[in-house]
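Student: Supplied structure: model39.txt, compact mmCIF, C-alpha atoms.
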```txt
# COMPACT_ATOMS: atom_id res chain seq x y z
CA MET T 149 15.32 22.27 12.38
CA THR T 150 16.12 18.65 11.58
CA THR T 151 15.51 17.24 15.02
CA THR T 152 13.53 14.03 15.07
CA THR T 153 10.07 15.02 16.05
CA ILE T 154 8.18 11.83 15.51
CA GLU T 155 8.72 8.50 17.12
CA LYS T 156 7.02 5.31 16.37
CA THR T 157 5.41 3.72 19.37
CA GLU T 158 4.38 0.35 18.12
CA SER T 159 6.32 -2.77 17.24
CA GLN T 160 7.79 -2.92 13.79
CA VAL T 161 7.71 -6.61 13.03
CA THR T 162 3.98 -7.27 12.94
CA PRO T 163 2.39 -6.07 9.72
CA ALA T 164 -0.90 -7.76 10.54
CA GLU T 165 -2.55 -8.37 13.85
CA ALA T 166 -5.76 -10.23 14.37
CA THR T 167 -8.47 -8.22 16.10
CA TRP T 168 -11.97 -9.09 17.02
CA ASP T 169 -13.31 -8.05 13.64
CA GLY T 170 -10.53 -8.90 11.26
CA LEU T 171 -6.98 -8.03 10.37
CA LEU T 172 -5.21 -4.81 11.21
CA PHE T 173 -2.34 -3.59 9.09
CA ARG T 174 0.36 -1.03 9.67
CA PRO T 175 0.40 1.31 6.66
CA ASN T 176 3.68 2.45 5.15
CA VAL T 177 4.20 6.16 5.71
CA ASP T 178 6.41 9.01 4.67
CA ILE T 179 6.80 11.84 7.14
CA LEU T 180 8.20 15.11 5.87
CA GLU T 181 8.86 18.41 7.53
CA ASN T 182 9.39 21.90 6.24
CA GLU T 183 9.31 25.23 8.00
CA GLU T 184 5.54 25.43 7.93
CA GLU T 185 4.30 21.94 8.68
CA LEU T 186 4.73 18.22 9.13
CA THR T 187 3.28 16.19 6.28
CA VAL T 188 2.30 12.56 6.72
CA LEU T 189 1.64 10.38 3.68
CA ALA T 190 0.12 6.98 4.39
CA ASP T 191 -0.51 4.18 1.89
CA MET T 192 -4.05 3.07 2.63
CA PRO T 193 -5.43 1.50 -0.51
CA GLY T 194 -9.05 0.45 -0.76
CA THR T 195 -10.68 2.73 1.78
CA CYS T 196 -12.57 6.01 1.39
CA SER T 197 -12.45 9.39 3.09
CA GLU T 198 -15.57 8.66 5.19
CA ASP T 199 -13.91 5.57 6.68
CA ILE T 200 -10.71 7.30 7.79
CA ASP T 201 -10.37 8.44 11.36
CA ILE T 202 -7.54 10.74 12.46
CA GLN T 203 -6.98 11.69 16.09
CA LEU T 204 -4.39 13.87 17.70
CA GLU T 205 -4.53 13.83 21.45
CA ASN T 206 -1.80 14.70 23.96
CA GLY T 207 0.87 14.45 21.30
CA THR T 208 -0.30 11.05 20.07
CA LEU T 209 -1.39 10.89 16.47
CA THR T 210 -3.52 7.91 15.48
CA LEU T 211 -4.47 7.08 11.92
CA TYR T 212 -7.17 4.52 11.37
CA ALA T 213 -8.90 3.44 8.18
CA LYS T 214 -11.64 0.91 7.82
CA VAL T 215 -11.26 -1.26 4.74
CA ARG T 216 -14.32 -3.05 3.49
CA GLY T 217 -13.59 -6.52 2.16
CA ARG T 218 -13.47 -6.58 -1.60
CA GLN T 219 -14.03 -10.32 -1.82
CA SER T 220 -16.12 -12.50 0.40
CA ALA T 221 -14.39 -13.88 3.48
CA SER T 222 -14.67 -17.41 2.12
CA GLN T 223 -13.03 -16.49 -1.17
CA ARG T 224 -10.40 -19.03 -2.24
CA TYR T 225 -7.38 -17.60 -4.01
CA ALA T 226 -5.19 -19.11 -6.70
CA LEU T 227 -2.51 -16.72 -5.48
CA ASN T 228 -2.78 -14.85 -2.17
CA GLU T 229 0.18 -12.58 -1.52
CA TYR T 230 -1.41 -9.92 0.64
CA GLY T 231 -4.17 -9.71 3.16
CA ILE T 232 -6.97 -7.20 3.32
CA GLY T 233 -7.91 -5.48 6.53
CA ASP T 234 -8.10 -2.18 8.38
CA PHE T 235 -5.13 0.14 8.73
CA GLN T 236 -3.91 1.62 11.97
CA ARG T 237 -0.79 3.39 13.07
CA THR T 238 0.18 5.57 16.01
CA PHE T 239 2.88 8.20 16.31
CA ARG T 240 4.13 10.43 19.03
CA ILE T 241 4.56 14.01 17.96
CA SER T 242 6.71 16.33 20.01
CA GLN T 243 6.28 19.36 17.76
CA THR T 244 3.58 21.80 18.71
CA ILE T 245 0.88 21.49 16.09
CA ASP T 246 -1.80 24.04 15.40
CA THR T 247 -4.64 21.58 15.80
CA LYS T 248 -7.26 23.93 14.37
CA LYS T 249 -5.46 24.05 11.04
CA ILE T 250 -4.92 20.31 10.51
CA SER T 251 -6.20 19.16 7.15
CA ALA T 252 -6.24 15.83 5.34
CA GLU T 253 -7.10 14.50 1.94
CA TYR T 254 -7.45 11.01 0.48
CA ARG T 255 -6.54 10.45 -3.13
CA ASN T 256 -5.66 7.31 -5.12
CA GLY T 257 -5.34 5.25 -1.97
CA VAL T 258 -2.98 7.65 -0.19
CA LEU T 259 -3.87 9.71 2.87
CA THR T 260 -2.08 13.06 3.03
CA LEU T 261 -2.17 14.75 6.39
CA HIS T 262 -1.00 18.32 6.90
CA LEU T 263 0.00 19.25 10.45
CA PRO T 264 0.83 22.96 10.51
CA LYS T 265 3.21 24.12 13.21
CA THR T 266 2.15 26.74 15.67
CA GLU T 267 3.68 30.18 15.20
CA GLN T 268 5.95 29.64 18.20
CA ALA T 269 7.33 26.41 16.74
CA LYS T 270 8.28 27.89 13.38
CA PRO T 271 11.90 28.82 12.93
CA ARG T 272 12.48 32.54 13.14
CA LYS T 273 15.25 34.43 11.58
CA ILE T 274 16.92 36.76 14.02
CA GLY T 275 18.31 39.84 12.41
CA VAL T 276 21.77 40.81 13.53
CA LYS T 277 22.48 44.49 13.54
CA ALA T 278 25.89 45.84 13.00
CA VAL T 279 26.95 48.08 15.88
CA LYS T 280 29.24 50.92 14.98
CA MET K 171 12.43 0.11 -1.99
CA LEU K 172 8.99 -1.13 -2.89
CA THR K 173 7.20 -3.18 -0.33
CA SER K 174 3.73 -4.47 0.14
CA ARG K 175 1.64 -6.10 2.80
CA TYR K 176 2.11 -9.84 2.62
CA ASN K 177 -0.51 -12.10 3.99
CA GLU K 178 1.33 -13.22 7.12
CA ALA K 179 -1.11 -16.05 7.68
CA LEU K 180 0.30 -18.05 4.79
CA PRO K 181 3.23 -20.34 5.69
CA ILE K 182 5.21 -19.39 2.58
CA ASN K 183 4.85 -15.70 3.38
CA ARG K 184 5.69 -16.26 7.03
CA LEU K 185 8.86 -17.97 5.90
CA ARG K 186 9.59 -15.21 3.43
CA GLY K 187 8.99 -12.60 6.10
CA ALA K 188 11.30 -14.38 8.53
CA MET K 189 13.98 -14.75 5.87
CA HIS K 190 13.63 -11.15 4.89
CA ARG K 191 13.95 -9.97 8.48
CA LEU K 192 16.96 -12.21 8.96
CA PHE K 193 18.66 -10.80 5.90
CA GLU K 194 17.68 -7.30 6.79
CA GLU K 195 19.39 -7.71 10.15
CA VAL K 196 22.51 -9.25 8.64
CA LEU K 197 22.80 -6.92 5.71
CA GLU K 198 21.39 -3.83 7.32
CA ASP K 199 24.34 -1.54 6.75
CA SER K 200 26.08 -2.80 3.65
CA ALA K 201 23.58 -4.11 1.18
CA SER K 202 20.40 -2.07 1.28
CA SER K 203 20.45 -1.89 -2.51
CA HIS K 204 20.55 -5.68 -2.71
CA SER K 205 17.47 -6.25 -0.57
CA GLY K 206 15.76 -3.42 -2.42
CA HIS K 207 16.29 -5.28 -5.66
CA SER K 208 14.82 -8.56 -4.44
CA GLN K 209 11.76 -6.75 -3.14
CA ALA K 210 11.18 -4.86 -6.35
CA ALA K 211 10.90 -8.19 -8.17
CA THR K 212 7.83 -9.08 -6.12
CA PHE K 213 6.09 -5.75 -6.27
CA PRO K 214 3.24 -5.39 -6.55
CA ALA K 215 1.92 -8.28 -4.47
CA LEU K 216 -0.95 -9.98 -6.27
CA ASN K 217 -4.13 -11.72 -5.29
CA VAL K 218 -5.59 -13.96 -7.97
CA TRP K 219 -8.91 -15.74 -7.93
CA GLU K 220 -11.54 -16.94 -10.36
CA ASP K 221 -15.20 -17.50 -10.81
CA THR K 222 -16.93 -19.50 -13.50
CA SER K 223 -16.55 -16.83 -16.17
CA SER K 224 -13.37 -14.87 -15.37
CA VAL K 225 -10.01 -14.76 -13.67
CA PHE K 226 -9.35 -11.72 -11.46
CA VAL K 227 -5.95 -10.26 -10.62
CA GLU K 228 -5.83 -7.60 -7.91
CA ALA K 229 -2.91 -5.43 -6.79
CA GLU K 230 -2.57 -2.56 -4.35
CA LEU K 231 -0.90 0.42 -6.01
CA PRO K 232 -1.51 3.39 -3.73
CA GLY K 233 -0.55 6.78 -5.10
CA LEU K 234 -0.66 5.72 -8.71
CA THR K 235 -3.01 6.92 -11.41
CA LEU K 236 -3.94 5.14 -14.63
CA GLU K 237 -1.32 7.23 -16.43
CA ASP K 238 1.41 5.75 -14.21
CA ILE K 239 0.38 2.13 -14.80
CA GLU K 240 0.69 -0.12 -17.82
CA VAL K 241 -1.17 -3.40 -18.01
CA LEU K 242 0.15 -5.55 -20.84
CA VAL K 243 -1.41 -8.81 -21.95
CA THR K 244 -0.08 -11.36 -24.37
CA ALA K 245 -1.57 -14.78 -25.12
CA ASP K 246 -0.16 -16.29 -21.94
CA GLU K 247 1.28 -13.47 -19.82
CA LEU K 248 -0.03 -10.53 -17.86
CA THR K 249 2.40 -7.76 -16.96
CA VAL K 250 1.70 -4.90 -14.56
CA LYS K 251 4.31 -2.18 -14.70
CA GLY K 252 4.63 1.41 -13.69
CA ASN K 253 6.56 4.04 -11.87
CA ARG K 254 5.82 5.70 -8.55
CA GLN K 255 7.15 9.20 -8.21
CA GLY K 256 8.68 10.50 -5.02
CA VAL K 257 7.17 13.45 -3.21
CA MET K 258 10.39 15.08 -2.10
CA SER K 259 10.67 18.76 -2.78
CA GLU K 260 13.17 21.34 -1.68
CA LYS K 261 13.20 22.63 1.86
CA GLN K 262 11.73 19.37 3.14
CA VAL K 263 13.38 16.78 5.30
CA TYR K 264 12.30 13.18 5.68
CA HIS K 265 11.69 11.86 9.17
CA ARG K 266 10.50 8.59 7.78
CA GLN K 267 10.46 7.16 4.30
CA GLU K 268 8.78 3.79 3.93
CA ARG K 269 6.72 4.29 0.80
CA GLY K 270 8.71 2.92 -2.08
CA THR K 271 9.34 4.87 -5.23
CA GLY K 272 10.68 4.01 -8.64
CA ALA K 273 9.88 1.67 -11.48
CA PHE K 274 8.33 -1.76 -10.97
CA SER K 275 7.22 -4.58 -13.20
CA ARG K 276 5.64 -7.91 -12.48
CA THR K 277 4.67 -10.65 -14.89
CA LEU K 278 2.23 -13.45 -14.24
CA ARG K 279 1.89 -16.57 -16.38
CA LEU K 280 -1.65 -17.17 -17.47
CA PRO K 281 -3.29 -20.43 -18.42
CA LEU K 282 -3.90 -20.53 -22.15
CA SER K 283 -7.63 -20.92 -21.86
CA LEU K 284 -8.32 -17.22 -21.24
CA SER K 285 -9.65 -14.71 -23.75
CA THR K 286 -6.85 -12.22 -23.28
CA ASP K 287 -8.27 -9.97 -25.99
CA LYS K 288 -11.17 -9.05 -23.68
CA VAL K 289 -9.19 -7.99 -20.62
CA SER K 290 -10.46 -5.02 -18.62
CA ALA K 291 -8.78 -3.13 -15.78
CA THR K 292 -10.00 -0.64 -13.20
CA LEU K 293 -8.11 1.42 -10.65
CA ARG K 294 -9.99 2.66 -7.64
CA ASP K 295 -8.55 4.11 -4.44
CA GLY K 296 -5.18 2.61 -5.23
CA VAL K 297 -6.52 -0.88 -5.95
CA LEU K 298 -6.00 -2.27 -9.45
CA LEU K 299 -8.37 -5.01 -10.60
CA VAL K 300 -7.73 -6.80 -13.87
CA THR K 301 -10.53 -9.00 -15.17
CA ILE K 302 -9.66 -11.64 -17.75
CA PRO K 303 -12.63 -13.55 -19.14
CA LYS K 304 -12.26 -17.28 -19.59
CA ALA K 305 -12.50 -18.72 -23.07
CA GLU K 306 -15.95 -20.07 -23.87
CA ASP K 307 -14.77 -23.68 -24.06
CA VAL K 308 -13.51 -23.82 -20.47
CA ARG K 309 -16.57 -22.30 -18.79
CA PRO K 310 -18.65 -24.88 -17.02
CA ARG K 311 -21.56 -25.95 -19.13
CA LYS K 312 -24.74 -27.32 -17.81
CA VAL K 313 -25.41 -30.74 -19.19
CA GLU K 314 -28.99 -31.82 -19.53
CA VAL K 315 -29.67 -35.16 -17.97
CA LYS K 316 -32.38 -37.05 -19.71
CA THR K 317 -34.33 -39.89 -18.32
CA LEU K 318 -34.19 -42.84 -20.58
CA PRO K 319 -37.50 -44.49 -21.29
CA ALA K 320 -37.68 -47.77 -19.51
```
Show this structure as structure tokens.

Tutor:
Amino acid sequence: MTTTTIEKTESQVTPAEATWDGLLFRPNVDILENEEELTVLADMPGTCSEDIDIQLENGTLTLYAKVRGRQSASQRYALNEYGIGDFQRTFRISQTIDTKKISAEYRNGVLTLHLPKTEQAKPRKIGVKAVK
Amino acid sequence: MLTSRYNEALPINRLRGAMHRLFEEVLEDSASSHSGHSQAATFPALNVWEDTSSVFVEAELPGLTLEDIEVLVTADELTVKGNRQGVMSEKQVYHRQERGTGAFSRTLRLPLSLSTDKVSATLRDGVLLVTIPKAEDVRPRKVEVKTLPA
């Protein structure tokens, strides 16, 4: 069951990339798997559920969250240790996911995405009968 | 290991990022606990700014609730501390684990001219904002300019 099912497709060394309308950040994620589903947890502080866009197409999962600036763009900082911008991250998923049953919730700045496996993908216990 | 998103545009953070990557490459196998320690000392990352009446300190603390966070203020120091719990339960395997867990604490020196007895803090969608009003005597005051009679 513990085969690697998710691969990252984008470069790891660029936390922020400039885009035409601001900065784009790669959120930190945890990806967990149990018999029933894959669970993705993504740190996306400062957004809201209406501004999060999740797409799963041809085995490519894309998470995107728009983050509205909390200070004006011209704000000068006494200390500026992190930038504020949208979040985006893409994964390749090789497991078969039951797309109709995908659910997601956003709480305290963390997106939790549940990707239930299809019945065929779930591990099945094969009973072994003793033959006399 | 607790990490945050540094503002890559700043030279000091670019340098820090480059150094960190360098050390990560060199120490990848043997000393993960060492690099974890140095990162924990700078978590959470802070943005600090001011207006005429207050100083604002902002930190991103996704996954934490007010019960997990302590904001402590003395006459000249602000400390943000807390603990982020892991999500691991039985029968689960991690494919990727980037979100840090564990205890963190960060202390910021404050200028003495703040009224630290009137500090307020809010936590919304994983963003902590601490507002520290300035003492009355350092707020800019409008000075009336009078025309002297000729």

Student: Give as a list in words every residue of chain T that touches chain K within 7 Å, counting all atoms listed in the file.

Tutor: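 Close enough to count are Thr152, Pro163, Ala164, Asn176, Val177, Asp178, Ile179, Leu180, Glu181, Asn182, Asp191, Met192, Pro193, Gly194, Thr195, Arg224, Tyr225, Ala226, Leu227, Asn228, Glu229, Tyr230, Gly231, Arg255, Asn256, Gly257 and Val258 of chain T.
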
Student: Quick one: residues within 7 Å of stretch 301-313 of chain K, all atoms listed in the file counted, chain neighbours fewer than 3 positions away excluded, as a list of chain:residue names?

Tutor: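 Once the adjacent positions are removed, what remains is K:Thr222, K:Ser223, K:Ser224, K:Val225, K:Phe226, K:Val227, K:Ser283, K:Leu284, K:Ser285, K:Thr286, K:Lys288, K:Val289, K:Ser290, K:Ala291.
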
Student: Please compute the atom CA of T:Glu253-atom CA of K:Thr292 distance, one decimal, in Å.

Tutor: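 Atom CA of T:Glu253 sits 21.6 Å away from atom CA of K:Thr292.
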
Student: Please indicate the distance in Å from atom CA of T:Lys265 to atom CA of T:Ala213, rounded to one decimal place.

Tutor: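 Atom CA of T:Ala213 lies 24.5 Å from atom CA of T:Lys265.
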
Student: As an exercise, work out the distance from atom CA of T:Thr208 to atom CA of T:Thr238 in Å and give it to one decimal place.

Tutor: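 So the answer is 6.8 Å.
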